[in-house]
$ cat start.cif   # mmCIF, C-alpha atoms and all ligand atoms
data_model
loop_
_atom_site.group_PDB
_atom_site.id
_atom_site.type_symbol
_atom_site.label_atom_id
_atom_site.label_comp_id
_atom_site.auth_asym_id
_atom_site.auth_seq_id
_atom_site.Cartn_x
_atom_site.Cartn_y
_atom_site.Cartn_z
ATOM 1 C CA MET A 29 41.960 -11.883 -2.367
ATOM 2 C CA GLN A 30 38.213 -11.409 -1.893
ATOM 3 C CA HIS A 31 36.440 -8.270 -3.052
ATOM 4 C CA GLY A 32 33.050 -6.805 -2.289
ATOM 5 C CA THR A 33 30.600 -7.038 -5.134
ATOM 6 C CA GLY A 34 29.686 -3.348 -5.012
ATOM 7 C CA ASN A 35 32.714 -1.944 -6.738
ATOM 8 C CA ASN A 36 32.989 -3.478 -10.197
ATOM 9 C CA GLU A 37 34.675 -0.372 -11.564
ATOM 10 C CA SER A 38 37.665 -0.573 -9.228
ATOM 11 C CA LEU A 39 37.878 -4.347 -9.622
ATOM 12 C CA MET A 40 37.979 -3.924 -13.395
ATOM 13 C CA GLN A 41 40.835 -1.432 -12.985
ATOM 14 C CA GLN A 42 42.742 -3.908 -10.826
ATOM 15 C CA ILE A 43 42.152 -6.672 -13.374
ATOM 16 C CA LYS A 44 43.430 -4.396 -16.129
ATOM 17 C CA LYS A 45 46.594 -3.676 -14.161
ATOM 18 C CA ILE A 46 47.393 -7.251 -13.187
ATOM 19 C CA LYS A 47 46.553 -8.418 -16.705
ATOM 20 C CA GLN A 48 49.254 -6.148 -18.110
ATOM 21 C CA GLU A 49 51.782 -7.271 -15.506
ATOM 22 C CA LYS A 50 51.204 -10.925 -16.402
ATOM 23 C CA ASN A 51 50.887 -10.339 -20.173
ATOM 24 C CA ALA A 52 47.470 -11.980 -20.120
ATOM 25 C CA LEU A 53 44.584 -12.000 -22.579
ATOM 26 C CA ILE A 54 41.010 -12.281 -21.307
ATOM 27 C CA LEU A 55 38.566 -14.093 -23.579
ATOM 28 C CA ALA A 56 34.825 -14.204 -22.870
ATOM 29 C CA HIS A 57 31.952 -16.062 -24.504
ATOM 30 C CA TYR A 58 28.789 -14.181 -25.505
ATOM 31 C CA TYR A 59 26.877 -16.119 -22.811
ATOM 32 C CA GLN A 60 29.017 -14.751 -19.957
ATOM 33 C CA PRO A 61 27.603 -12.212 -17.436
ATOM 34 C CA ASP A 62 27.535 -8.590 -18.694
ATOM 35 C CA GLU A 63 30.379 -7.323 -16.491
ATOM 36 C CA ILE A 64 32.660 -10.136 -17.682
ATOM 37 C CA GLN A 65 31.957 -9.275 -21.324
ATOM 38 C CA GLU A 66 32.571 -5.608 -20.531
ATOM 39 C CA MET A 67 35.981 -6.365 -19.031
ATOM 40 C CA ALA A 68 37.196 -8.916 -21.621
ATOM 41 C CA ASP A 69 39.760 -8.175 -24.346
ATOM 42 C CA PHE A 70 37.822 -10.228 -26.817
ATOM 43 C CA ILE A 71 34.223 -11.477 -26.822
ATOM 44 C CA GLY A 72 33.190 -14.167 -29.222
ATOM 45 C CA ASP A 73 31.620 -17.487 -30.011
ATOM 46 C CA SER A 74 33.551 -20.745 -29.755
ATOM 47 C CA LEU A 75 35.107 -20.354 -33.201
ATOM 48 C CA GLY A 76 36.177 -16.743 -32.726
ATOM 49 C CA LEU A 77 37.615 -17.485 -29.294
ATOM 50 C CA SER A 78 39.535 -20.513 -30.596
ATOM 51 C CA GLN A 79 41.025 -18.333 -33.302
ATOM 52 C CA GLN A 80 42.005 -15.666 -30.791
ATOM 53 C CA ALA A 81 43.610 -18.289 -28.546
ATOM 54 C CA ALA A 82 45.557 -19.709 -31.482
ATOM 55 C CA ASP A 83 46.805 -16.291 -32.617
ATOM 56 C CA THR A 84 47.693 -14.507 -29.375
ATOM 57 C CA ASN A 85 51.185 -13.515 -28.217
ATOM 58 C CA ALA A 86 50.057 -13.347 -24.584
ATOM 59 C CA ASP A 87 51.696 -15.659 -22.022
ATOM 60 C CA VAL A 88 48.454 -16.251 -20.119
ATOM 61 C CA ILE A 89 44.923 -16.821 -21.430
ATOM 62 C CA VAL A 90 42.078 -16.299 -18.986
ATOM 63 C CA PHE A 91 39.098 -18.120 -20.450
ATOM 64 C CA CYS A 92 35.774 -16.788 -19.215
ATOM 65 C CA GLY A 93 33.560 -19.591 -20.416
ATOM 66 C CA VAL A 94 33.224 -23.279 -19.643
ATOM 67 C CA HIS A 95 35.715 -26.123 -19.333
ATOM 68 C CA PHE A 96 35.773 -27.414 -22.930
ATOM 69 C CA MET A 97 36.596 -23.906 -24.195
ATOM 70 C CA ALA A 98 39.608 -23.532 -21.924
ATOM 71 C CA GLU A 99 40.626 -27.063 -22.868
ATOM 72 C CA SER A 100 40.488 -26.127 -26.567
ATOM 73 C CA ALA A 101 42.746 -23.146 -25.843
ATOM 74 C CA ALA A 102 45.148 -25.448 -23.949
ATOM 75 C CA ILE A 103 45.207 -27.804 -26.946
ATOM 76 C CA LEU A 104 45.934 -24.967 -29.375
ATOM 77 C CA CYS A 105 48.466 -23.151 -27.158
ATOM 78 C CA PRO A 106 50.575 -25.675 -25.204
ATOM 79 C CA ASP A 107 53.209 -23.037 -24.410
ATOM 80 C CA LYS A 108 50.683 -20.753 -22.679
ATOM 81 C CA LEU A 109 49.114 -20.853 -19.278
ATOM 82 C CA VAL A 110 45.344 -21.288 -19.715
ATOM 83 C CA LEU A 111 43.187 -20.343 -16.744
ATOM 84 C CA LEU A 112 39.500 -21.052 -16.125
ATOM 85 C CA PRO A 113 38.421 -18.695 -13.307
ATOM 86 C CA GLU A 114 35.694 -21.081 -12.096
ATOM 87 C CA PRO A 115 36.979 -24.661 -12.481
ATOM 88 C CA THR A 116 33.558 -26.280 -11.990
ATOM 89 C CA ALA A 117 32.046 -24.418 -14.972
ATOM 90 C CA GLY A 118 31.359 -27.281 -17.346
ATOM 91 C CA CYS A 119 29.038 -28.006 -20.239
ATOM 92 C CA PRO A 120 26.363 -30.653 -19.605
ATOM 93 C CA MET A 121 26.221 -31.359 -23.342
ATOM 94 C CA ALA A 122 29.973 -31.986 -23.577
ATOM 95 C CA ASP A 123 29.655 -34.346 -20.610
ATOM 96 C CA MET A 124 27.159 -36.469 -22.569
ATOM 97 C CA ALA A 125 29.930 -37.912 -24.787
ATOM 98 C CA GLY A 126 33.002 -39.845 -23.679
ATOM 99 C CA GLY A 127 35.988 -41.310 -25.533
ATOM 100 C CA GLU A 128 35.161 -44.940 -24.738
ATOM 101 C CA ALA A 129 31.555 -44.718 -26.002
ATOM 102 C CA LEU A 130 32.696 -42.885 -29.145
ATOM 103 C CA ARG A 131 35.283 -45.593 -29.892
ATOM 104 C CA LYS A 132 32.452 -48.145 -29.710
ATOM 105 C CA MET A 133 30.353 -46.157 -32.160
ATOM 106 C CA LYS A 134 33.330 -45.846 -34.531
ATOM 107 C CA ASP A 135 33.652 -49.656 -34.463
ATOM 108 C CA GLN A 136 29.996 -49.859 -35.420
ATOM 109 C CA TYR A 137 30.421 -47.464 -38.380
ATOM 110 C CA PRO A 138 34.008 -48.024 -39.590
ATOM 111 C CA LYS A 139 33.508 -46.078 -42.835
ATOM 112 C CA ALA A 140 32.124 -42.942 -41.170
ATOM 113 C CA ALA A 141 34.024 -39.715 -40.580
ATOM 114 C CA VAL A 142 33.645 -38.321 -37.058
ATOM 115 C CA VAL A 143 32.690 -34.662 -36.691
ATOM 116 C CA CYS A 144 32.680 -33.350 -33.146
ATOM 117 C CA TYR A 145 31.036 -30.149 -32.081
ATOM 118 C CA ILE A 146 33.560 -27.985 -30.236
ATOM 119 C CA ASN A 147 31.359 -28.487 -27.148
ATOM 120 C CA SER A 148 33.136 -31.753 -26.377
ATOM 121 C CA SER A 149 35.997 -33.024 -24.227
ATOM 122 C CA ALA A 150 39.612 -33.178 -25.427
ATOM 123 C CA GLU A 151 39.315 -36.976 -25.463
ATOM 124 C CA VAL A 152 36.334 -36.817 -27.838
ATOM 125 C CA LYS A 153 38.194 -34.336 -30.051
ATOM 126 C CA ALA A 154 41.153 -36.730 -30.098
ATOM 127 C CA GLU A 155 38.848 -39.481 -31.432
ATOM 128 C CA SER A 156 37.375 -37.219 -34.140
ATOM 129 C CA ASP A 157 38.459 -36.406 -37.691
ATOM 130 C CA ILE A 158 37.413 -32.785 -37.540
ATOM 131 C CA CYS A 159 35.837 -30.363 -35.125
ATOM 132 C CA CYS A 160 33.094 -27.825 -35.886
ATOM 133 C CA THR A 161 31.171 -25.012 -34.248
ATOM 134 C CA SER A 162 27.588 -23.952 -34.879
ATOM 135 C CA ALA A 163 29.011 -21.239 -37.156
ATOM 136 C CA ASN A 164 30.729 -23.644 -39.545
ATOM 137 C CA ALA A 165 29.131 -27.094 -38.966
ATOM 138 C CA VAL A 166 27.441 -27.263 -42.382
ATOM 139 C CA LYS A 167 30.643 -26.207 -44.160
ATOM 140 C CA VAL A 168 32.710 -28.731 -42.174
ATOM 141 C CA VAL A 169 30.406 -31.649 -43.045
ATOM 142 C CA GLN A 170 30.249 -30.586 -46.694
ATOM 143 C CA SER A 171 34.065 -30.521 -46.798
ATOM 144 C CA LEU A 172 34.229 -34.278 -46.132
ATOM 145 C CA THR A 173 33.962 -35.225 -49.789
ATOM 146 C CA ASP A 174 35.500 -38.701 -49.313
ATOM 147 C CA TYR A 175 32.828 -39.849 -46.872
ATOM 148 C CA GLU A 176 29.185 -40.858 -47.268
ATOM 149 C CA GLN A 177 28.571 -41.357 -43.555
ATOM 150 C CA VAL A 178 29.273 -38.947 -40.709
ATOM 151 C CA ILE A 179 29.059 -39.593 -36.977
ATOM 152 C CA PHE A 180 28.038 -36.249 -35.459
ATOM 153 C CA VAL A 181 28.832 -35.904 -31.752
ATOM 154 C CA PRO A 182 27.503 -34.810 -29.230
ATOM 155 C CA ASP A 183 24.639 -32.447 -30.212
ATOM 156 C CA ARG A 184 21.773 -34.302 -31.887
ATOM 157 C CA ASN A 185 19.971 -31.036 -32.680
ATOM 158 C CA LEU A 186 22.916 -29.407 -34.465
ATOM 159 C CA GLY A 187 23.560 -32.730 -36.229
ATOM 160 C CA HIS A 188 19.923 -32.851 -37.325
ATOM 161 C CA TYR A 189 20.150 -29.284 -38.614
ATOM 162 C CA VAL A 190 23.316 -30.101 -40.604
ATOM 163 C CA SER A 191 21.611 -33.153 -42.133
ATOM 164 C CA ARG A 192 19.270 -30.766 -43.970
ATOM 165 C CA PHE A 193 22.179 -29.530 -46.110
ATOM 166 C CA THR A 194 23.900 -32.755 -47.119
ATOM 167 C CA GLU A 195 23.189 -36.045 -48.880
ATOM 168 C CA LYS A 196 25.494 -37.825 -46.422
ATOM 169 C CA GLU A 197 24.046 -40.101 -43.790
ATOM 170 C CA ILE A 198 24.397 -38.287 -40.463
ATOM 171 C CA ILE A 199 24.581 -40.639 -37.495
ATOM 172 C CA LEU A 200 23.435 -38.673 -34.469
ATOM 173 C CA TRP A 201 24.778 -38.902 -30.937
ATOM 174 C CA GLU A 202 22.049 -38.554 -28.289
ATOM 175 C CA GLY A 203 23.453 -35.422 -26.662
ATOM 176 C CA PHE A 204 21.801 -32.022 -26.262
ATOM 177 C CA CYS A 205 22.164 -28.633 -24.617
ATOM 178 C CA PRO A 206 19.732 -28.495 -21.668
ATOM 179 C CA THR A 207 19.373 -24.716 -22.090
ATOM 180 C CA HIS A 208 18.288 -24.831 -25.743
ATOM 181 C CA ASP A 209 16.702 -28.283 -25.966
ATOM 182 C CA GLN A 210 13.909 -27.517 -23.496
ATOM 183 C CA LEU A 211 12.344 -24.867 -25.771
ATOM 184 C CA LYS A 212 8.826 -25.503 -26.976
ATOM 185 C CA PRO A 213 7.343 -24.258 -30.283
ATOM 186 C CA GLU A 214 4.412 -22.793 -28.284
ATOM 187 C CA GLU A 215 6.801 -20.455 -26.472
ATOM 188 C CA ILE A 216 8.169 -19.124 -29.753
ATOM 189 C CA ALA A 217 4.642 -18.819 -31.164
ATOM 190 C CA ALA A 218 3.560 -16.798 -28.095
ATOM 191 C CA ALA A 219 6.473 -14.372 -28.581
ATOM 192 C CA LYS A 220 5.656 -14.083 -32.282
ATOM 193 C CA SER A 221 2.019 -13.231 -31.549
ATOM 194 C CA GLN A 222 3.234 -10.439 -29.262
ATOM 195 C CA TYR A 223 5.771 -9.106 -31.789
ATOM 196 C CA PRO A 224 4.381 -10.181 -35.184
ATOM 197 C CA ASP A 225 6.889 -8.084 -37.177
ATOM 198 C CA ALA A 226 9.950 -9.425 -35.355
ATOM 199 C CA PRO A 227 12.117 -11.983 -37.152
ATOM 200 C CA ILE A 228 12.778 -15.141 -35.132
ATOM 201 C CA LEU A 229 16.488 -15.948 -34.809
ATOM 202 C CA VAL A 230 17.128 -19.496 -33.612
ATOM 203 C CA HIS A 231 20.338 -21.226 -32.525
ATOM 204 C CA PRO A 232 20.680 -24.708 -34.079
ATOM 205 C CA GLU A 233 21.063 -26.283 -30.610
ATOM 206 C CA ALA A 234 17.278 -25.780 -30.333
ATOM 207 C CA PRO A 235 15.052 -28.771 -31.160
ATOM 208 C CA PRO A 236 14.052 -29.319 -34.831
ATOM 209 C CA SER A 237 10.434 -28.348 -34.037
ATOM 210 C CA VAL A 238 11.695 -24.874 -33.049
ATOM 211 C CA VAL A 239 14.203 -24.618 -35.913
ATOM 212 C CA ASP A 240 11.308 -25.368 -38.286
ATOM 213 C CA MET A 241 9.622 -22.110 -37.242
ATOM 214 C CA THR A 242 12.113 -19.830 -38.988
ATOM 215 C CA GLU A 243 14.505 -19.484 -41.889
ATOM 216 C CA HIS A 244 16.919 -17.533 -39.649
ATOM 217 C CA VAL A 245 19.017 -20.222 -38.005
ATOM 218 C CA PHE A 246 22.303 -18.793 -36.754
ATOM 219 C CA SER A 247 25.250 -19.278 -34.432
ATOM 220 C CA THR A 248 25.645 -16.472 -31.883
ATOM 221 C CA SER A 249 28.030 -14.587 -34.177
ATOM 222 C CA GLY A 250 25.600 -15.151 -37.054
ATOM 223 C CA MET A 251 22.766 -13.621 -35.013
ATOM 224 C CA LEU A 252 24.863 -10.559 -34.182
ATOM 225 C CA LYS A 253 25.739 -10.070 -37.839
ATOM 226 C CA TYR A 254 22.135 -10.493 -39.007
ATOM 227 C CA VAL A 255 20.798 -7.943 -36.504
ATOM 228 C CA LYS A 256 23.478 -5.402 -37.468
ATOM 229 C CA GLU A 257 22.695 -5.792 -41.152
ATOM 230 C CA THR A 258 18.889 -5.609 -40.913
ATOM 231 C CA ASN A 259 16.581 -2.911 -39.751
ATOM 232 C CA HIS A 260 13.742 -4.197 -37.595
ATOM 233 C CA ALA A 261 12.576 -2.606 -34.364
ATOM 234 C CA ASN A 262 12.129 -5.985 -32.630
ATOM 235 C CA TYR A 263 13.832 -9.366 -32.792
ATOM 236 C CA ILE A 264 12.901 -12.653 -31.117
ATOM 237 C CA ILE A 265 16.139 -14.228 -29.944
ATOM 238 C CA VAL A 266 16.213 -17.966 -29.314
ATOM 239 C CA THR A 267 19.522 -18.522 -27.585
ATOM 240 C CA GLU A 268 21.140 -17.941 -24.194
ATOM 241 C CA LYS A 269 20.276 -14.528 -22.757
ATOM 242 C CA GLY A 270 23.884 -13.397 -22.283
ATOM 243 C CA ILE A 271 23.974 -12.459 -25.974
ATOM 244 C CA LYS A 272 21.756 -9.473 -25.173
ATOM 245 C CA TYR A 273 24.791 -7.554 -23.870
ATOM 246 C CA GLN A 274 26.475 -7.506 -27.296
ATOM 247 C CA LEU A 275 23.187 -7.116 -29.205
ATOM 248 C CA LYS A 276 22.339 -3.993 -27.202
ATOM 249 C CA LYS A 277 25.865 -2.638 -27.456
ATOM 250 C CA ASP A 278 25.821 -2.953 -31.248
ATOM 251 C CA ASN A 279 22.184 -1.880 -31.677
ATOM 252 C CA PRO A 280 21.070 0.378 -28.797
ATOM 253 C CA ASP A 281 17.815 1.377 -30.533
ATOM 254 C CA LYS A 282 16.587 -2.137 -31.331
ATOM 255 C CA HIS A 283 14.636 -4.429 -28.975
ATOM 256 C CA PHE A 284 15.344 -8.059 -28.208
ATOM 257 C CA TRP A 285 12.805 -10.516 -26.830
ATOM 258 C CA PHE A 286 13.621 -13.911 -25.403
ATOM 259 C CA PRO A 287 10.721 -16.374 -25.557
ATOM 260 C CA SER A 288 11.653 -18.175 -22.333
ATOM 261 C CA GLU A 289 12.984 -17.206 -18.906
ATOM 262 C CA ARG A 290 14.865 -20.504 -18.938
ATOM 263 C CA LEU A 291 17.304 -19.444 -21.674
ATOM 264 C CA VAL A 292 20.094 -19.185 -19.118
ATOM 265 C CA CYS A 293 23.125 -21.472 -18.946
ATOM 266 C CA ARG A 294 23.939 -21.943 -15.281
ATOM 267 C CA ASP A 295 27.563 -22.872 -15.918
ATOM 268 C CA MET A 296 28.211 -19.797 -18.051
ATOM 269 C CA LYS A 297 27.050 -17.591 -15.164
ATOM 270 C CA LEU A 298 29.572 -18.969 -12.657
ATOM 271 C CA THR A 299 32.341 -16.545 -13.696
ATOM 272 C CA THR A 300 32.683 -13.417 -11.555
ATOM 273 C CA LEU A 301 35.093 -10.471 -11.582
ATOM 274 C CA ASP A 302 36.474 -11.679 -8.238
ATOM 275 C CA LYS A 303 37.271 -15.063 -9.699
ATOM 276 C CA VAL A 304 38.961 -13.489 -12.731
ATOM 277 C CA PHE A 305 41.118 -11.331 -10.478
ATOM 278 C CA ASN A 306 41.995 -14.294 -8.261
ATOM 279 C CA ALA A 307 42.901 -16.404 -11.294
ATOM 280 C CA LEU A 308 45.293 -13.708 -12.508
ATOM 281 C CA GLU A 309 46.769 -13.162 -9.076
ATOM 282 C CA THR A 310 47.391 -16.858 -8.335
ATOM 283 C CA LEU A 311 47.767 -18.039 -11.958
ATOM 284 C CA SER A 312 45.283 -20.809 -11.227
ATOM 285 C CA PRO A 313 43.131 -22.856 -11.764
ATOM 286 C CA GLN A 314 45.117 -23.961 -14.780
ATOM 287 C CA ILE A 315 43.612 -26.193 -17.477
ATOM 288 C CA THR A 316 45.958 -28.716 -19.057
ATOM 289 C CA VAL A 317 45.613 -31.579 -21.530
ATOM 290 C CA SER A 318 47.931 -34.600 -21.575
ATOM 291 C CA SER A 319 50.314 -34.559 -24.537
ATOM 292 C CA ASP A 320 49.055 -37.818 -26.127
ATOM 293 C CA ILE A 321 45.438 -36.552 -26.195
ATOM 294 C CA ARG A 322 46.574 -33.089 -27.247
ATOM 295 C CA MET A 323 48.578 -34.360 -30.234
ATOM 296 C CA LYS A 324 45.457 -36.055 -31.645
ATOM 297 C CA ALA A 325 42.907 -33.426 -30.637
ATOM 298 C CA ILE A 326 44.874 -30.579 -32.202
ATOM 299 C CA GLN A 327 44.502 -32.150 -35.622
ATOM 300 C CA SER A 328 40.701 -32.011 -35.478
ATOM 301 C CA LEU A 329 40.804 -28.408 -34.234
ATOM 302 C CA ASN A 330 43.360 -27.298 -36.842
ATOM 303 C CA ARG A 331 41.336 -28.858 -39.657
ATOM 304 C CA MET A 332 38.340 -26.841 -38.479
ATOM 305 C CA LEU A 333 40.332 -23.614 -38.107
ATOM 306 C CA ALA A 334 41.614 -23.999 -41.684
ATOM 307 C CA ILE A 335 37.989 -24.134 -42.875
ATOM 308 C CA GLY A 336 37.009 -21.240 -40.612
ATOM 309 C CA ARG A 337 39.757 -19.081 -42.051
ATOM 310 C CA GLU A 338 38.859 -20.029 -45.624
ATOM 311 C CA SER A 339 35.241 -19.032 -45.012
ATOM 312 C CA LYS A 340 36.301 -15.572 -43.801
ATOM 313 C CA ASN A 341 38.336 -14.795 -46.945
HETATM 314 S S1 LIG A 401 24.604 -23.124 -23.279
HETATM 315 FE FE1 LIG A 401 24.387 -25.357 -23.492
HETATM 316 S S2 LIG A 401 26.008 -25.985 -24.898
HETATM 317 FE FE2 LIG A 401 26.529 -23.911 -24.131
HETATM 318 S S3 LIG A 401 27.839 -24.290 -22.354
HETATM 319 FE FE3 LIG A 401 25.737 -24.099 -21.580
HETATM 320 S S4 LIG A 401 24.977 -26.236 -21.552
HETATM 321 FE FE4 LIG A 401 26.811 -26.227 -22.811
#

$ encode --input "start.cif" --output "structure tokens"
Amino acid sequence: MQHGTGNNESLMQQIKKIKQEKNALILAHYYQPDEIQEMADFIGDSLGLSQQAADTNADVIVFCGVHFMAESAAILCPDKLVLLPEPTAGCPMADMAGGEALRKMKDQYPKAAVVCYINSSAEVKAESDICCTSANAVKVVQSLTDYEQVIFVPDRNLGHYVSRFTEKEIILWEGFCPTHDQLKPEEIAAAKSQYPDAPILVHPEAPPSVVDMTEHVFSTSGMLKYVKETNHANYIIVTEKGIKYQLKKDNPDKHFWFPSERLVCRDMKLTTLDKVFNALETLSPQITVSSDIRMKAIQSLNRMLAIGRESKN
């Protein structure tokens, strides 16, 4: 069914109705378009969404995000139908690491533990000892007390950030997020000169030269928490612009400035209300993971979730 774009309100009502009929849960990442976040049952970062997927009683999970996220939900919930409304929504960073190349690196460093950022394929997760997100990466690496070397895949910038908090040797994969990696220190400095009192909040996917400009380095959920708990009029936000929806919702009187117009992830913006409705109506496109990959990948995800839960208590 195709819908006009003018009537989001009625489309949201239809989604609500069909969602109940199919016992579905709609998850959306903070980088999704505003109307998708408004309609979702749960909005979160990769860790929060993984936890929701693992805990839900719904029969169907509609994942408004990119491919690796829906794949993680399929790994954690093999008995559920996991739908990705736009099947071409991928993550260029996740695509920078493959199972074959990682196996070669493991041969090169046989004593190293492998930590994979959740922004990776199921095959890469299956080759890894433990998964992490930007919210718990430091904690995950510190938990590997039996290892002196860690292969960190695929984000070199997050891996570099983690290396600041450990004595372990961190072997970096040459992957990066095109949205965050392109940022230049001059752009942050220009925003700071315009809003000198605003704290700079930076996502660790940004290059080290940008991370060096602040002590406030946070995952998306970390940024949201920091803004809620502090009382500035202005904040400089160095991550994908979709987060502004939740920042404004939580803090209507505060102002958020993004230092670059390019802080937009093209793949995250491919989800539309039409596509969500169509996914629910047709119960497709479905994301599946073969059982041999799933059996291995789930171990790295479960090890991470155990750490995530510990850190919340
Ligand atoms: S923002 Fe970057 S890491 Fe996140 S999905 Fe887009 S390309 Fe991948």

$ atom_distance --input "start.cif" --atom1 "atom CA of A:Lys269" --atom2 "atom CA of A:Leu252"
12.9 Å

$ residues_near_ligand --input "start.cif" --ligand "ligand LIG 401 (chain A)" --cutoff "7 Å" --atoms "only C-alpha atoms and all ligand atoms" --output "PyMOL selection string"
chain A and resi 94+118-122+147+205-208+268+293-296

$ closest_residue --input "start.cif" --among "A:Trp285, A:Tyr58, A:Phe246, A:Phe91" --to "A:Leu308" --atoms "only C-alpha atoms"
A:Phe91

$ residues_around --input "start.cif" --residues "A:Leu186" --least-positions-apart "2" --cutoff "10 Å" --atoms "only C-alpha atoms" --output "compact mmCIF listing (two decimals) with C-alpha atoms, in the frame of the given file"
# COMPACT_ATOMS: atom_id res chain seq x y z
CA TYR A 145 31.04 -30.15 -32.08
CA THR A 161 31.17 -25.01 -34.25
CA SER A 162 27.59 -23.95 -34.88
CA ALA A 165 29.13 -27.09 -38.97
CA VAL A 166 27.44 -27.26 -42.38
CA PHE A 180 28.04 -36.25 -35.46
CA VAL A 181 28.83 -35.90 -31.75
CA PRO A 182 27.50 -34.81 -29.23
CA ASP A 183 24.64 -32.45 -30.21
CA ARG A 184 21.77 -34.30 -31.89
CA HIS A 188 19.92 -32.85 -37.33
CA TYR A 189 20.15 -29.28 -38.61
CA VAL A 190 23.32 -30.10 -40.60
CA SER A 191 21.61 -33.15 -42.13
CA LEU A 200 23.44 -38.67 -34.47
CA GLY A 203 23.45 -35.42 -26.66
CA PHE A 204 21.80 -32.02 -26.26
CA CYS A 205 22.16 -28.63 -24.62
CA HIS A 231 20.34 -21.23 -32.52
CA PRO A 232 20.68 -24.71 -34.08
CA GLU A 233 21.06 -26.28 -30.61
CA ALA A 234 17.28 -25.78 -30.33
CA PRO A 235 15.05 -28.77 -31.16
CA PRO A 236 14.05 -29.32 -34.83

$ closest_residue --input "start.cif" --among "A:Ile103, A:Leu211, A:Ile199, A:Met40" --to "A:Cys144" --atoms "all atoms listed in the file"
A:Ile199

$ residues_around --input "start.cif" --residues "A:Leu172" --least-positions-apart "5" --cutoff "12 Å" --atoms "all atoms listed in the file" --output "ChimeraX atom specification"
/A:140-143,157-159,165-167,177-179,194-197,331-332,335

$ resolve_selection --input "start.cif" --expression "the PyMOL selection byres (((chain A and resi 242) around 9) and not hetatm)" --output "PyMOL selection string"
chain A and resi 227-230+238-241+243-245

$ closest_residue --input "start.cif" --among "A:Val304, A:Leu333, A:Ala56, A:Ile198" --to "A:Ile43" --atoms "only C-alpha atoms"
A:Val304

$ closest_atom_pairs --input "start.cif" --of "stretch 48-128 of chain A" --to "stretch 318-321 of chain A" --cutoff "12 Å" --atoms "all atoms listed in the file" --output "CSV"
residue,atom,partner,partner_atom,distance
A:Glu99,CA,A:Ser318,CA,10.6
A:Ser100,CA,A:Ile321,CA,11.5
A:Ala102,CA,A:Ser318,CA,9.9
A:Ile103,CA,A:Ile321,CA,8.8
A:Leu104,CA,A:Ser319,CA,11.6
A:Cys105,CA,A:Ser319,CA,11.9
A:Pro106,CA,A:Ser319,CA,8.9
A:Asp107,CA,A:Ser319,CA,11.9
A:Gly127,CA,A:Ile321,CA,10.6

$ resolve_selection --input "start.cif" --expression "the PyMOL selection byres (((chain A and resi 260) around 8) and not hetatm)" --output "ChimeraX atom specification"
/A:225-227,258-259,261-263,282

$ closest_residue --input "start.cif" --among "A:His95, A:Ala154, A:Thr84, A:Met133" --to "A:Met323" --atoms "all atoms listed in the file"
A:Ala154

$ axis_aligned_box --input "start.cif" --around "stretch 52-61 of chain A" --padding-each-side "5 Å" --output "AutoDock Vina command-line options"
--center_x 37.2 --center_y -14.0 --center_z -21.5 --size_x 30.6 --size_y 14.1 --size_z 18.1

$ closest_residue --input "start.cif" --among "A:Gln327, A:Ser221, A:Thr299, A:Thr248" --to "A:Asp73" --atoms "all atoms listed in the file"
A:Thr248

$ closest_residue --input "start.cif" --among "A:Lys153, A:Lys45, A:Lys132, A:Lys50" --to "A:Ala325" --atoms "all atoms listed in the file"
A:Lys153

$ residues_around --input "start.cif" --residues "A:Leu55" --least-positions-apart "6" --cutoff "8 Å" --atoms "only C-alpha atoms" --output "MDAnalysis selection string"
chainID A and resid 68:72 77 89:92
